[in-house]
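What follows is a short report on a single structure.
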2 protein chains.
Amino acid sequence: MDARHAILFEPVRIGPKTLPNRFYQVPHASGFGSARPRTQAAFRAVKAEGGWGGVCVEYAPISPDSDDLPAISAEVWDERDARALGLAAEAIHAHGSLAGLELYHGGASCPNGASRAVRLAPSQLTSGVQWGGLAKEMDAGDIARVQRDWVRAARHARDVGFDIVYVYGAHGYLMTQFLSALTNRRTDGYGGSLANRGRFWLETLAAVREAVGGECAIATRIAVHGDSGVPGAEGLPGIDIDDMLALVKMADDLVDLWDVTVGSWPEDSGTSRYYPEGHERPWAHRIREVTAKPVVAVGRYGSPDLMAEVIRSGAVDLIGSARQAIADPFLPRKIADGRLDEIRECTGSNMCILREETFNHVGCVQNATAGEEYRRGWHPEFFPPAAHPGRPVLIVGAGPAGMECAVVLAKRGFTAVHLVEAEAEIGGRLRWTRRLPTLGDWGRIIDWRAVQLARLPGVEVITGRRLTAADVLEYGAETVVIATGSVWRGDGAQPGYPGPMPGADPGFPHVLTPEQACAGQRPPGRQVVVYDTDGYYVAPGVAELLAADGYGVTVVTTFDVLSPVSDQTLEGDMLRAHLHRAGVSVCHATTITAVGAGSVTGQGRHGQPWSVGCDGIVLVTQQASQDTLYRELASDQAALTAAGISALYRIGDAVAPRMISEAIFDGHRLAREIDGQDPGYPAPYRRERADLT
Amino acid sequence: MDARHAILFEPVRIGPKTLPNRFYQVPHASGFGSARPRTQAAFRAVKAEGGWGGVCVEYAPISPDSDDLPAISAEVWDERDARALGLAAEAIHAHGSLAGLELYHGGASCPNGASRAVRLAPSQLTSGVQWGGLAKEMDAGDIARVQRDWVRAARHARDVGFDIVYVYGAHGYLMTQFLSALTNRRTDGYGGSLANRGRFWLETLAAVREAVGGECAIATRIAVHGDSGVPGAEGLPGIDIDDMLALVKMADDLVDLWDVTVGSWPEDSGTSRYYPEGHERPWAHRIREVTAKPVVAVGRYGSPDLMAEVIRSGAVDLIGSARQAIADPFLPRKIADGRLDEIRECTGSNMCILREETFNHVGCVQNATAGEEYRRGWHPEFFPPAAHPGRPVLIVGAGPAGMECAVVLAKRGFTAVHLVEAEAEIGGRLRWTRRLPTLGDWGRIIDWRAVQLARLPGVEVITGRRLTAADVLEYGAETVVIATGSVWRGDGAQPGYPGPMPGADPGFPHVLTPEQACAGQRPPGRQVVVYDTDGYYVAPGVAELLAADGYGVTVVTTFDVLSPVSDQTLEGDMLRAHLHRAGVSVCHATTITAVGAGSVTGQGRHGQPWSVGCDGIVLVTQQASQDTLYRELASDQAALTAAGISALYRIGDAVAPRMISEAIFDGHRLAREIDGQDPGYPAPYRRERADLT
């Protein structure tokens, strides 16, 4: 270990417990909750195994009036729920770490749509969240009941082995709703002055401490104001930093661990597009002004040097992590072992959040095993030895899927893996994606794999060689994996319009694909339309690129908002504000059906004719698999046999264009299962299901 | 029974099975799937008990590449899944009905986000659905594998007792993707001619028939073209009715039951706003031209006379129902018994769909017990006898919650329930809601309850009497239930802006609440802004009302689309097209912060200043509970005691303004639980959870 990093491995006492080091996986959602207890336990256990001294489960609603379904949370409504979550505590303890449970009440933010309970809040106001109704203004009975539920849940947590019990207040939930004068309009002892608005929080802390404080560390999660000047980030409505520091002073005796976040969730989980590593420091670190108790704060930390510096500064005591711990559960161990070049750095894309929010199943673009620990039995660092390690494997195409497949095969002990790339550098679509404005950190997907490919014996990378079918047949491989990726179609095919769009000929100088634009090709004139039916990062990226070159840019999109997928990564509002500031115009709910000379035409929301003048168009409409090589090979089984090729597979975008995380998953999966029964299809995986007994 | 209805009770042979009558609950989603097997079984069983001769479970994905999570479906990926669903078959059989399972593959429509399987489709096209990627063009191996999965799932279904096994093709899923030339661009034997595009469907039918045809009836669900001229409805892209009739002829020998839907899902499940009862007849009934096999078709049928007429016409053999069977599971029995005035007619609001799509838990505005059969043990027709039936109950307010509470108390045997309403007629907010354009059928919520209140002994309805706290104390009740509802605030308070909006004084003639507009009050001048931060039906309804009166109407909304909640009821596109045709303009993503003389001002999406000239504004911003009476009573326990009032409760919008379905649920729940331990809070309910053994 580098001596500079030793400070990260000091134990830290929190109330009655001691964390073995300063690495702390803060509570974050996974989609597993208490509904899939073994999946949850395995997902958290691997972090403890990787050296995180504190490992928490996600937000844990204490009662049916904090029901977040269909989002899956760690409901701890009764003893049976607690037993399910106890599997995680047990699994975390097995590796010597402390386990935390983040008890939670969402107040007016809870949909309560499944439980049908009335929503609760300090005052009867609409939340910005749209659930078809307002909350009940909590009366004295409601306040006492929620506090009793909190105590009951804390006792359950203790009983099943949790070491750290939270009173979760950040991210706009019930505690914060009481604290903010914007949402608390009460005239009784729980409203008005800051002391009154903080009363509910302090009383709850005191009650939980009274109940379990002797056996558990009491943590509370707060948000300080934030608002780092990024347009579209919200800060923390109605509570400024001085208010929050005053609350910390009032509550300090009741708390063993301060878990500090910043502003709104999109700011707190700020992506690399808009926030640098450690972006929360100017706000989160001010808490040290008012408390000597242990403090944990996040900041997408991936650099051991920066982590050590943060600890040495004295502002915080623990390095909090959610996303980096997903990207590399073994980060602490790798630092301890001095294996810094093996750390898989988080890209800050928030693909983890998209996957858990949209699909109730967390995943990671960097770490294909995240969320697969239980159901597929995958481990981020241990790989089952190959059945036939000497069998030569040829992988054609070094994009996300091909790179990942090669790395995993090499880690499994394959000794003759050739990764052959037609272009001069590896990376596939990421070569140009990482050069789009704000997306530089996505290049870490290439960088980590490039380092591994260079150091792993058994794999050879060959660039600048475009293989034909004949080349593949003559290559000498027994197993061939085609990973030739996808391209953007330049013909304007789009949902509902499968045929080429009139005038959308990529041979014309005024019609560009995203790749052409990224490669520096520019349309004539100064006015350009970027047409988006894709809905994620490509169209905004190209638009910003062209705007920076001085073009007048209008994004025309079939969607009601620009880049709806970015809302799933918490970036939507920031992205739209960012593009607005860059001078990009947006035309919503519009379909382009023809490209003419000097204009494009189509239809608006209600089918009405629509057109706009422009000198060129970039078509972010539809991708197509580059599968010619695969089809040629697959169509001649006799030739494959004659060449000694016993298996031909296809992975990644060459099968179907999709998100980068899923292309990487696909390459990883094939490499894991390549000596299974039917590697062309995913093996069945375990599911946790309702008790039928 | 009325002799005219006897035809509905004839048995119908389908393949090797016989349906006991012509009432058939078609497959429809519930949110329970195979994940909550006891909830599913109880939900379906009550329909069999109520007389539906055929009862189906919802769509049942056959494999992980038809994964619809986070939507919950009846996954039948393996034998264990099938055993879970078998509980429903068993429960349906217990009442003498046949059980059906709708085996399904969604093709390109499946997100596959949880399973991470590649999406499959006949051709590599984007679907209109945005899941971050395209589908794999199915190769011969994929086609064979999906068909094997279908056969395997069919065998599982048979083994656990299902009588009817589906090959689900309608609603744009995999079969339809093959059939439509818009989505099938193949050049092999599965693409090109209609016969080729239908090949996958026919082969699958033949394989399923071969496997289980001797023991199960084989059903297939198709869509005929539709497009009834309602703007925003889609018809069936790429397949006209002649194509579909040709397919039916080709497949007729393989099918025992044709389940016919019309057009797209929003058209097929058309709401009462835009479609009358029986709206599918002109399309669905044409299938008789080409088949003599049994046919089931839906059409939101609630009228026994119309059902009988439909059967007598010979066009269909079975009355299909989803929504009406939710609203009244006992409809067939009530017809058999001649109890026609007890039929709870479906309102056609699609609240059932909102609840199962948004919260994975079906519910119903008319039938508060829907979805509560297992978890709360509620039955739509049987009510536990009251512990103290003679205890006098006063319910103040005859809106949705109050009416429902009175009906359920009376059904439980309470003998002295007084329902006292201040206005001249009962119904609460529904009095004006049912008079909004297109919302007339929502009045069925009042009508059914009015009929029950009139016929049930033990309940007395008193209108036109506004009770003060003193009146309540003197009334002579032992139990008092306050159901005084809510009003729209006229002060412009809205999310993020809790204080009154400058200039938004409902005393001004140019500032109106929705109630005022519905009561006929009109602003001066001809240009009016309807400002919507609510997002459902009120703003569009008021806008249409004013437009019909000749006003120039602009709806200004904070949302990115008009009425986003209407998308959850499948009405969004139709509603927006309808308003457009009515001449209503819409301004999106805009916040109004002040009302001036002759204009309103605020800010646009990026905070830029915004204003528009107008003569008046209707503020659809925020509701407020009318809880003064409750607070006055609750604050003086001594007075309650002195008056002999042992229990004081509050239900519905008087607690918190919310959707009508939830206010009714709240009134129903209190009436069910009023002699329980702590009736002010919902009793705990059963949850189906992961096996921990």
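Convention: chains lettered A, B, ... in structure tokens order; per-chain residue numbering from 1; ligands numbered from 1 as shown.
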
Discussion item. Give me the residues near Gly51 (chain B) as a PyMOL selection string, where near means some atom within 7 Å (using only C-alpha atoms) and where sequence neighbours in that chain fewer than 2 positions away do not count.
Written reply: chain B and resi 47-49+53+330+332-333

Requested write-out: all heavy atoms of the selected residues, as a short mmCIF file (atom, residue, chain, number, x, y, z; two decimals), in the first residue's frame:
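Below is the file that was written, again-v1.cif:
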```
data_model
loop_
_atom_site.label_atom_id
_atom_site.label_comp_id
_atom_site.auth_asym_id
_atom_site.auth_seq_id
_atom_site.Cartn_x
_atom_site.Cartn_y
_atom_site.Cartn_z
N LYS B 47 -64.82 -13.42 -9.63
CA LYS B 47 -65.54 -13.29 -10.90
C LYS B 47 -66.24 -14.60 -11.26
O LYS B 47 -67.39 -14.59 -11.73
CB LYS B 47 -64.57 -12.86 -11.99
CG LYS B 47 -64.09 -11.43 -11.78
CD LYS B 47 -62.94 -11.09 -12.69
CE LYS B 47 -62.56 -9.62 -12.56
NZ LYS B 47 -62.27 -9.19 -11.17
N ALA B 48 -65.54 -15.70 -11.03
CA ALA B 48 -66.19 -17.00 -11.26
C ALA B 48 -67.38 -17.15 -10.32
O ALA B 48 -68.47 -17.57 -10.74
CB ALA B 48 -65.17 -18.12 -11.05
N GLU B 49 -67.19 -16.77 -9.10
CA GLU B 49 -68.27 -16.85 -8.12
C GLU B 49 -69.45 -15.98 -8.55
O GLU B 49 -70.61 -16.34 -8.34
CB GLU B 49 -67.75 -16.37 -6.75
CG GLU B 49 -68.76 -16.52 -5.63
CD GLU B 49 -68.28 -15.88 -4.33
OE1 GLU B 49 -67.16 -15.30 -4.33
OE2 GLU B 49 -69.02 -15.93 -3.34
N GLY B 53 -68.58 -17.31 -16.76
CA GLY B 53 -68.35 -18.71 -17.11
C GLY B 53 -66.93 -19.01 -17.54
O GLY B 53 -66.44 -20.13 -17.39
N PHE B 330 -70.26 -9.61 -9.95
CA PHE B 330 -71.51 -10.37 -9.83
C PHE B 330 -72.55 -9.99 -10.89
O PHE B 330 -73.72 -10.34 -10.75
CB PHE B 330 -72.08 -10.23 -8.41
CG PHE B 330 -71.49 -11.23 -7.46
CD1 PHE B 330 -70.12 -11.26 -7.22
CD2 PHE B 330 -72.29 -12.19 -6.83
CE1 PHE B 330 -69.56 -12.20 -6.36
CE2 PHE B 330 -71.74 -13.14 -5.98
CZ PHE B 330 -70.37 -13.14 -5.74
N PRO B 332 -73.24 -11.26 -13.87
CA PRO B 332 -74.05 -12.37 -14.40
C PRO B 332 -75.09 -12.85 -13.39
O PRO B 332 -76.26 -13.05 -13.74
CB PRO B 332 -73.01 -13.45 -14.70
CG PRO B 332 -71.73 -12.71 -14.93
CD PRO B 332 -71.78 -11.56 -13.96
N ARG B 333 -74.71 -13.01 -12.15
CA ARG B 333 -75.67 -13.48 -11.16
C ARG B 333 -76.81 -12.50 -10.97
O ARG B 333 -77.97 -12.90 -10.76
CB ARG B 333 -74.97 -13.65 -9.80
CG ARG B 333 -74.23 -14.94 -9.69
CD ARG B 333 -74.48 -15.50 -8.29
NE ARG B 333 -73.44 -16.45 -7.95
CZ ARG B 333 -73.32 -16.99 -6.75
NH1 ARG B 333 -74.13 -16.62 -5.77
NH2 ARG B 333 -72.38 -17.87 -6.52
#
```

Discussion item. If the cut-off is 6 Å, can you tell me the residues of chain A near chain B, counting only C-alpha atoms? I'd like them as a VMD selection string.
Written reply: chain A and resid 70 113 to 114 126 to 128 132 to 136 359 361 495 655 to 659 688 to 691

Item to complete: Compile the contact shell of Pro294 (chain A) as a PyMOL selection string: residues with an atom at most 10 Å away, counting only C-alpha atoms, same-chain residues fewer than 3 positions apart removed.
Response: chain A and resi 12-15+219+255-259+288+291+315-318

Keeping only N, CA, C and O atoms, write the selected residues as a JSON list (two decimals), in the first residue's frame.
```
[["chain", "number", "residue", "atom", "x", "y", "z"],
["A", 12, "VAL", "N", -12.84, 3.82, 12.76],
["A", 12, "VAL", "CA", -13.58, 5.02, 13.20],
["A", 12, "VAL", "C", -14.71, 4.57, 14.11],
["A", 12, "VAL", "O", -15.54, 3.72, 13.74],
["A", 13, "ARG", "N", -14.74, 5.15, 15.29],
["A", 13, "ARG", "CA", -15.79, 4.80, 16.25],
["A", 13, "ARG", "C", -17.04, 5.63, 15.96],
["A", 13, "ARG", "O", -16.98, 6.85, 15.82],
["A", 14, "ILE", "N", -18.18, 4.96, 15.87],
["A", 14, "ILE", "CA", -19.46, 5.67, 15.74],
["A", 14, "ILE", "C", -20.38, 5.12, 16.82],
["A", 14, "ILE", "O", -20.85, 3.99, 16.76],
["A", 15, "GLY", "N", -20.62, 5.96, 17.83],
["A", 15, "GLY", "CA", -21.45, 5.52, 18.95],
["A", 15, "GLY", "C", -20.90, 4.22, 19.52],
["A", 15, "GLY", "O", -19.70, 4.11, 19.77],
["A", 219, "ALA", "N", -27.53, 7.16, 12.96],
["A", 219, "ALA", "CA", -27.10, 8.04, 11.88],
["A", 219, "ALA", "C", -28.29, 8.86, 11.40],
["A", 219, "ALA", "O", -29.44, 8.43, 11.53],
["A", 255, "VAL", "N", -26.87, 12.21, 17.73],
["A", 255, "VAL", "CA", -26.40, 11.59, 16.49],
["A", 255, "VAL", "C", -25.00, 11.03, 16.67],
["A", 255, "VAL", "O", -24.13, 11.68, 17.25],
["A", 256, "ASP", "N", -24.78, 9.81, 16.15],
["A", 256, "ASP", "CA", -23.45, 9.21, 16.18],
["A", 256, "ASP", "C", -22.73, 9.35, 14.84],
["A", 256, "ASP", "O", -21.51, 9.17, 14.76],
["A", 257, "LEU", "N", -23.49, 9.58, 13.79],
["A", 257, "LEU", "CA", -22.89, 9.69, 12.45],
["A", 257, "LEU", "C", -23.74, 10.62, 11.60],
["A", 257, "LEU", "O", -24.94, 10.38, 11.41],
["A", 258, "TRP", "N", -23.11, 11.66, 11.11],
["A", 258, "TRP", "CA", -23.78, 12.58, 10.19],
["A", 258, "TRP", "C", -23.48, 12.15, 8.75],
["A", 258, "TRP", "O", -22.33, 12.10, 8.34],
["A", 259, "ASP", "N", -24.55, 11.84, 8.02],
["A", 259, "ASP", "CA", -24.41, 11.44, 6.61],
["A", 259, "ASP", "C", -24.88, 12.63, 5.78],
["A", 259, "ASP", "O", -26.07, 12.95, 5.76],
["A", 288, "ARG", "N", -18.40, 20.49, 9.39],
["A", 288, "ARG", "CA", -17.37, 20.39, 10.44],
["A", 288, "ARG", "C", -17.33, 21.64, 11.32],
["A", 288, "ARG", "O", -16.86, 21.59, 12.47],
["A", 291, "THR", "N", -19.87, 20.45, 14.21],
["A", 291, "THR", "CA", -19.90, 19.14, 14.89],
["A", 291, "THR", "C", -18.52, 18.49, 14.91],
["A", 291, "THR", "O", -17.74, 18.64, 13.96],
["A", 315, "ALA", "N", -12.26, 17.54, 7.32],
["A", 315, "ALA", "CA", -13.65, 17.97, 7.14],
["A", 315, "ALA", "C", -14.61, 16.80, 7.29],
["A", 315, "ALA", "O", -15.71, 16.97, 7.80],
["A", 316, "VAL", "N", -14.20, 15.66, 6.82],
["A", 316, "VAL", "CA", -15.06, 14.47, 6.97],
["A", 316, "VAL", "C", -14.20, 13.32, 7.48],
["A", 316, "VAL", "O", -12.96, 13.35, 7.40],
["A", 317, "ASP", "N", -14.89, 12.30, 7.99],
["A", 317, "ASP", "CA", -14.20, 11.18, 8.62],
["A", 317, "ASP", "C", -14.28, 9.91, 7.79],
["A", 317, "ASP", "O", -13.47, 9.00, 7.95],
["A", 318, "LEU", "N", -15.28, 9.87, 6.94],
["A", 318, "LEU", "CA", -15.51, 8.68, 6.14],
["A", 318, "LEU", "C", -15.72, 9.08, 4.69],
["A", 318, "LEU", "O", -16.36, 10.11, 4.41]]
```

Worksheet item: Got a sec: who's within 10 Å of Val620 (chain B), counting only C-alpha atoms, leaving out chain neighbours fewer than 6 positions off, as an MDAnalysis selection string?
Response: chainID B and resid 488:490 492:494 512:515 530:536 538:540 542 557

With N, CA and C atoms retained, could you export that selection as a CSV table (one decimal), in the first residue's frame?
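Output (part-v9.csv):
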```
chain,number,residue,atom,x,y,z
B,488,TRP,N,-61.6,23.8,-4.6
B,488,TRP,CA,-60.4,24.3,-5.3
B,488,TRP,C,-60.1,25.7,-4.7
B,489,ARG,N,-58.8,25.8,-4.4
B,489,ARG,CA,-58.4,27.1,-3.8
B,489,ARG,C,-58.4,28.1,-5.0
B,490,GLY,N,-58.8,29.3,-4.7
B,490,GLY,CA,-58.8,30.3,-5.7
B,490,GLY,C,-57.6,31.2,-5.6
B,492,GLY,N,-54.4,30.5,-6.1
B,492,GLY,CA,-53.2,30.3,-7.0
B,492,GLY,C,-52.0,29.6,-6.3
B,493,ALA,N,-52.2,29.2,-5.0
B,493,ALA,CA,-51.1,28.4,-4.4
B,493,ALA,C,-50.9,27.1,-5.3
B,494,GLN,N,-49.6,26.8,-5.4
B,494,GLN,CA,-49.2,25.7,-6.4
B,494,GLN,C,-47.9,25.1,-5.9
B,512,LEU,N,-61.4,32.8,-11.6
B,512,LEU,CA,-62.4,31.8,-11.3
B,512,LEU,C,-61.7,30.5,-10.8
B,513,THR,N,-62.5,29.8,-9.9
B,513,THR,CA,-62.1,28.4,-9.6
B,513,THR,C,-62.9,27.5,-10.6
B,514,PRO,N,-62.4,26.2,-10.7
B,514,PRO,CA,-63.2,25.3,-11.6
B,514,PRO,C,-64.6,25.1,-11.2
B,515,GLU,N,-64.9,25.1,-9.9
B,515,GLU,CA,-66.3,25.0,-9.5
B,515,GLU,C,-67.1,26.2,-10.0
B,530,VAL,N,-56.8,28.9,-18.9
B,530,VAL,CA,-57.0,27.9,-17.9
B,530,VAL,C,-55.6,27.4,-17.4
B,531,TYR,N,-55.3,27.7,-16.2
B,531,TYR,CA,-54.0,27.4,-15.7
B,531,TYR,C,-54.0,26.0,-14.9
B,532,ASP,N,-53.2,25.1,-15.4
B,532,ASP,CA,-53.3,23.7,-14.9
B,532,ASP,C,-51.9,23.3,-14.2
B,533,THR,N,-52.0,23.0,-12.9
B,533,THR,CA,-50.8,22.3,-12.3
B,533,THR,C,-51.3,21.0,-11.7
B,534,ASP,N,-52.6,20.6,-12.1
B,534,ASP,CA,-53.2,19.4,-11.6
B,534,ASP,C,-52.9,18.2,-12.5
B,535,GLY,N,-53.1,18.4,-13.8
B,535,GLY,CA,-52.6,17.4,-14.7
B,535,GLY,C,-53.6,16.3,-15.1
B,536,TYR,N,-54.9,16.4,-14.7
B,536,TYR,CA,-55.8,15.3,-15.0
B,536,TYR,C,-56.9,15.9,-15.8
B,538,VAL,N,-59.7,18.0,-14.9
B,538,VAL,CA,-60.4,19.2,-14.6
B,538,VAL,C,-60.1,20.3,-15.6
B,539,ALA,N,-58.8,20.6,-15.8
B,539,ALA,CA,-58.4,21.7,-16.7
B,539,ALA,C,-58.9,21.4,-18.2
B,540,PRO,N,-58.7,20.2,-18.7
B,540,PRO,CA,-59.2,20.0,-20.1
B,540,PRO,C,-60.8,20.2,-20.1
B,542,VAL,N,-62.8,22.0,-18.2
B,542,VAL,CA,-63.2,23.4,-18.1
B,542,VAL,C,-62.8,24.1,-19.4
B,557,THR,N,-49.9,25.2,-18.8
B,557,THR,CA,-49.6,24.1,-17.9
B,557,THR,C,-48.1,24.0,-17.6
```

Discussion item. With DSSP run on the backbone, what are the alpha helix (DSSP H) residues within region 432-621 of chain A? I'd like them as an MDAnalysis selection string.
Written reply: chainID A and resid 432:433 444:455 469:474 514:518 538:548 565:568 572:581

Discussion item. Just want the 9 Å neighbourhood of Val407 (chain A), counted on only C-alpha atoms, with same-chain residues fewer than 3 positions away dropped. Output as an MDAnalysis selection string.
Written reply: chainID A and resid 402:404 410:412 449 452:453 456 459 668 671

Just N, CA and C atoms for this one: save the residues we selected as a PDB file, in the first residue's frame.
```pdb
ATOM      1  N   GLY A 402     -16.835  -6.322 -27.301  1.00  0.00           N
ATOM      2  CA  GLY A 402     -15.629  -7.094 -27.635  1.00  0.00           C
ATOM      3  C   GLY A 402     -14.543  -6.933 -26.584  1.00  0.00           C
ATOM      4  N   MET A 403     -14.302  -5.700 -26.127  1.00  0.00           N
ATOM      5  CA  MET A 403     -13.290  -5.474 -25.087  1.00  0.00           C
ATOM      6  C   MET A 403     -13.632  -6.263 -23.835  1.00  0.00           C
ATOM      7  N   GLU A 404     -14.903  -6.173 -23.401  1.00  0.00           N
ATOM      8  CA  GLU A 404     -15.303  -6.842 -22.166  1.00  0.00           C
ATOM      9  C   GLU A 404     -15.183  -8.351 -22.301  1.00  0.00           C
ATOM     10  N   ALA A 410      -9.852 -13.673 -20.708  1.00  0.00           N
ATOM     11  CA  ALA A 410      -8.468 -13.707 -20.209  1.00  0.00           C
ATOM     12  C   ALA A 410      -8.457 -13.950 -18.700  1.00  0.00           C
ATOM     13  N   LYS A 411      -9.390 -13.316 -17.972  1.00  0.00           N
ATOM     14  CA  LYS A 411      -9.439 -13.548 -16.523  1.00  0.00           C
ATOM     15  C   LYS A 411      -9.857 -14.972 -16.203  1.00  0.00           C
ATOM     16  N   ARG A 412     -10.587 -15.576 -17.074  1.00  0.00           N
ATOM     17  CA  ARG A 412     -10.973 -16.981 -16.871  1.00  0.00           C
ATOM     18  C   ARG A 412      -9.828 -17.926 -17.233  1.00  0.00           C
ATOM     19  N   ARG A 449     -10.427  -0.967 -19.586  1.00  0.00           N
ATOM     20  CA  ARG A 449     -10.254  -2.206 -20.351  1.00  0.00           C
ATOM     21  C   ARG A 449      -8.930  -2.220 -21.110  1.00  0.00           C
ATOM     22  N   GLN A 452      -6.345  -3.335 -18.637  1.00  0.00           N
ATOM     23  CA  GLN A 452      -6.431  -4.773 -18.339  1.00  0.00           C
ATOM     24  C   GLN A 452      -5.952  -5.606 -19.525  1.00  0.00           C
ATOM     25  N   LEU A 453      -6.366  -5.187 -20.706  1.00  0.00           N
ATOM     26  CA  LEU A 453      -5.961  -5.945 -21.904  1.00  0.00           C
ATOM     27  C   LEU A 453      -4.440  -5.948 -22.040  1.00  0.00           C
ATOM     28  N   LEU A 456      -3.088  -8.360 -18.922  1.00  0.00           N
ATOM     29  CA  LEU A 456      -3.512  -9.756 -18.797  1.00  0.00           C
ATOM     30  C   LEU A 456      -2.765 -10.633 -19.797  1.00  0.00           C
ATOM     31  N   VAL A 459      -4.186 -12.549 -23.783  1.00  0.00           N
ATOM     32  CA  VAL A 459      -4.983 -11.789 -24.750  1.00  0.00           C
ATOM     33  C   VAL A 459      -4.067 -10.866 -25.554  1.00  0.00           C
ATOM     34  N   HIS A 668     -19.743  -9.759 -21.543  1.00  0.00           N
ATOM     35  CA  HIS A 668     -19.375 -10.394 -20.277  1.00  0.00           C
ATOM     36  C   HIS A 668     -20.077 -11.744 -20.131  1.00  0.00           C
ATOM     37  N   ALA A 671     -18.667 -14.519 -22.285  1.00  0.00           N
ATOM     38  CA  ALA A 671     -17.377 -14.995 -21.784  1.00  0.00           C
ATOM     39  C   ALA A 671     -17.550 -15.874 -20.547  1.00  0.00           C
TER      40      ALA A 671
END
```

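Secondary structure by DSSP on the backbone puts the following residues of region 412-508 of chain B in strand (DSSP E): Val417, His418, Leu419, Val420, Val459, Glu460, Val461, Ile462, Thr479, Val480, Val481, Ile482, Ser486, Val487 and Trp488 of chain B.
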
Write out as a Markdown table the residues of region 342-428 of chain B that have any atom within 12 Å of an atom of region 325-329 of chain B, one row each with the nearest atom pair and its distance in Å to one decimal, counting only C-alpha atoms, sorted by chain and then rising number.
```
| residue | atom | partner | partner_atom | distance |
| --- | --- | --- | --- | --- |
| B:Glu342 | CA | B:Asp328 | CA | 9.3 |
| B:Ile343 | CA | B:Asp328 | CA | 6.6 |
| B:Arg344 | CA | B:Asp328 | CA | 5.4 |
| B:Glu345 | CA | B:Ala327 | CA | 6.5 |
| B:Cys346 | CA | B:Ala327 | CA | 5.4 |
| B:Thr347 | CA | B:Ala327 | CA | 8.4 |
| B:Gly348 | CA | B:Ala327 | CA | 9.7 |
| B:Ser349 | CA | B:Ala327 | CA | 11.1 |
| B:Asn350 | CA | B:Ala327 | CA | 10.8 |
| B:Met351 | CA | B:Ala327 | CA | 10.6 |
| B:Cys352 | CA | B:Ile326 | CA | 8.1 |
| B:Ile353 | CA | B:Ile326 | CA | 10.9 |
| B:Val362 | CA | B:Ile326 | CA | 9.1 |
| B:Gly363 | CA | B:Ile326 | CA | 8.1 |
| B:Cys364 | CA | B:Ala327 | CA | 6.4 |
| B:Val365 | CA | B:Ala327 | CA | 7.8 |
| B:Gln366 | CA | B:Ala327 | CA | 5.6 |
| B:Asn367 | CA | B:Ala327 | CA | 5.1 |
| B:Ala368 | CA | B:Ala327 | CA | 8.7 |
| B:Thr369 | CA | B:Ala327 | CA | 9.2 |
| B:Ala370 | CA | B:Ile326 | CA | 6.4 |
| B:Gly371 | CA | B:Ile326 | CA | 9.0 |
| B:Glu372 | CA | B:Ile326 | CA | 11.6 |
| B:Glu373 | CA | B:Pro329 | CA | 11.6 |
| B:His379 | CA | B:Pro329 | CA | 9.8 |
| B:Pro380 | CA | B:Pro329 | CA | 7.5 |
| B:Glu381 | CA | B:Pro329 | CA | 9.0 |
```

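Each of B:Gly596, B:Gly226, B:Glu267, B:Ile395 was checked against Tyr475 (chain B) using only C-alpha atoms; the smallest atom-to-atom distance is that of B:Ile395.
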
Practice prompt. Within 8 Å of Arg221 (chain A), counting only C-alpha atoms, which residues show up once you throw out same-chain ones fewer than 4 positions away? Write them as number ranges by chain, please.
Written response: A: 166-170, 258-261

Item to complete: For Met175 (chain A), please output as a count of residues only all residues within 10 Å (counting only C-alpha atoms; exclusion window: fewer than 3 positions along the same chain).
Response: 24

Practice prompt. Tell me which of B:Gly440, B:Gly320, B:Pro509, B:Gly213 sits closest to Ser272 (chain B), counting only C-alpha atoms.
Written response: B:Gly440
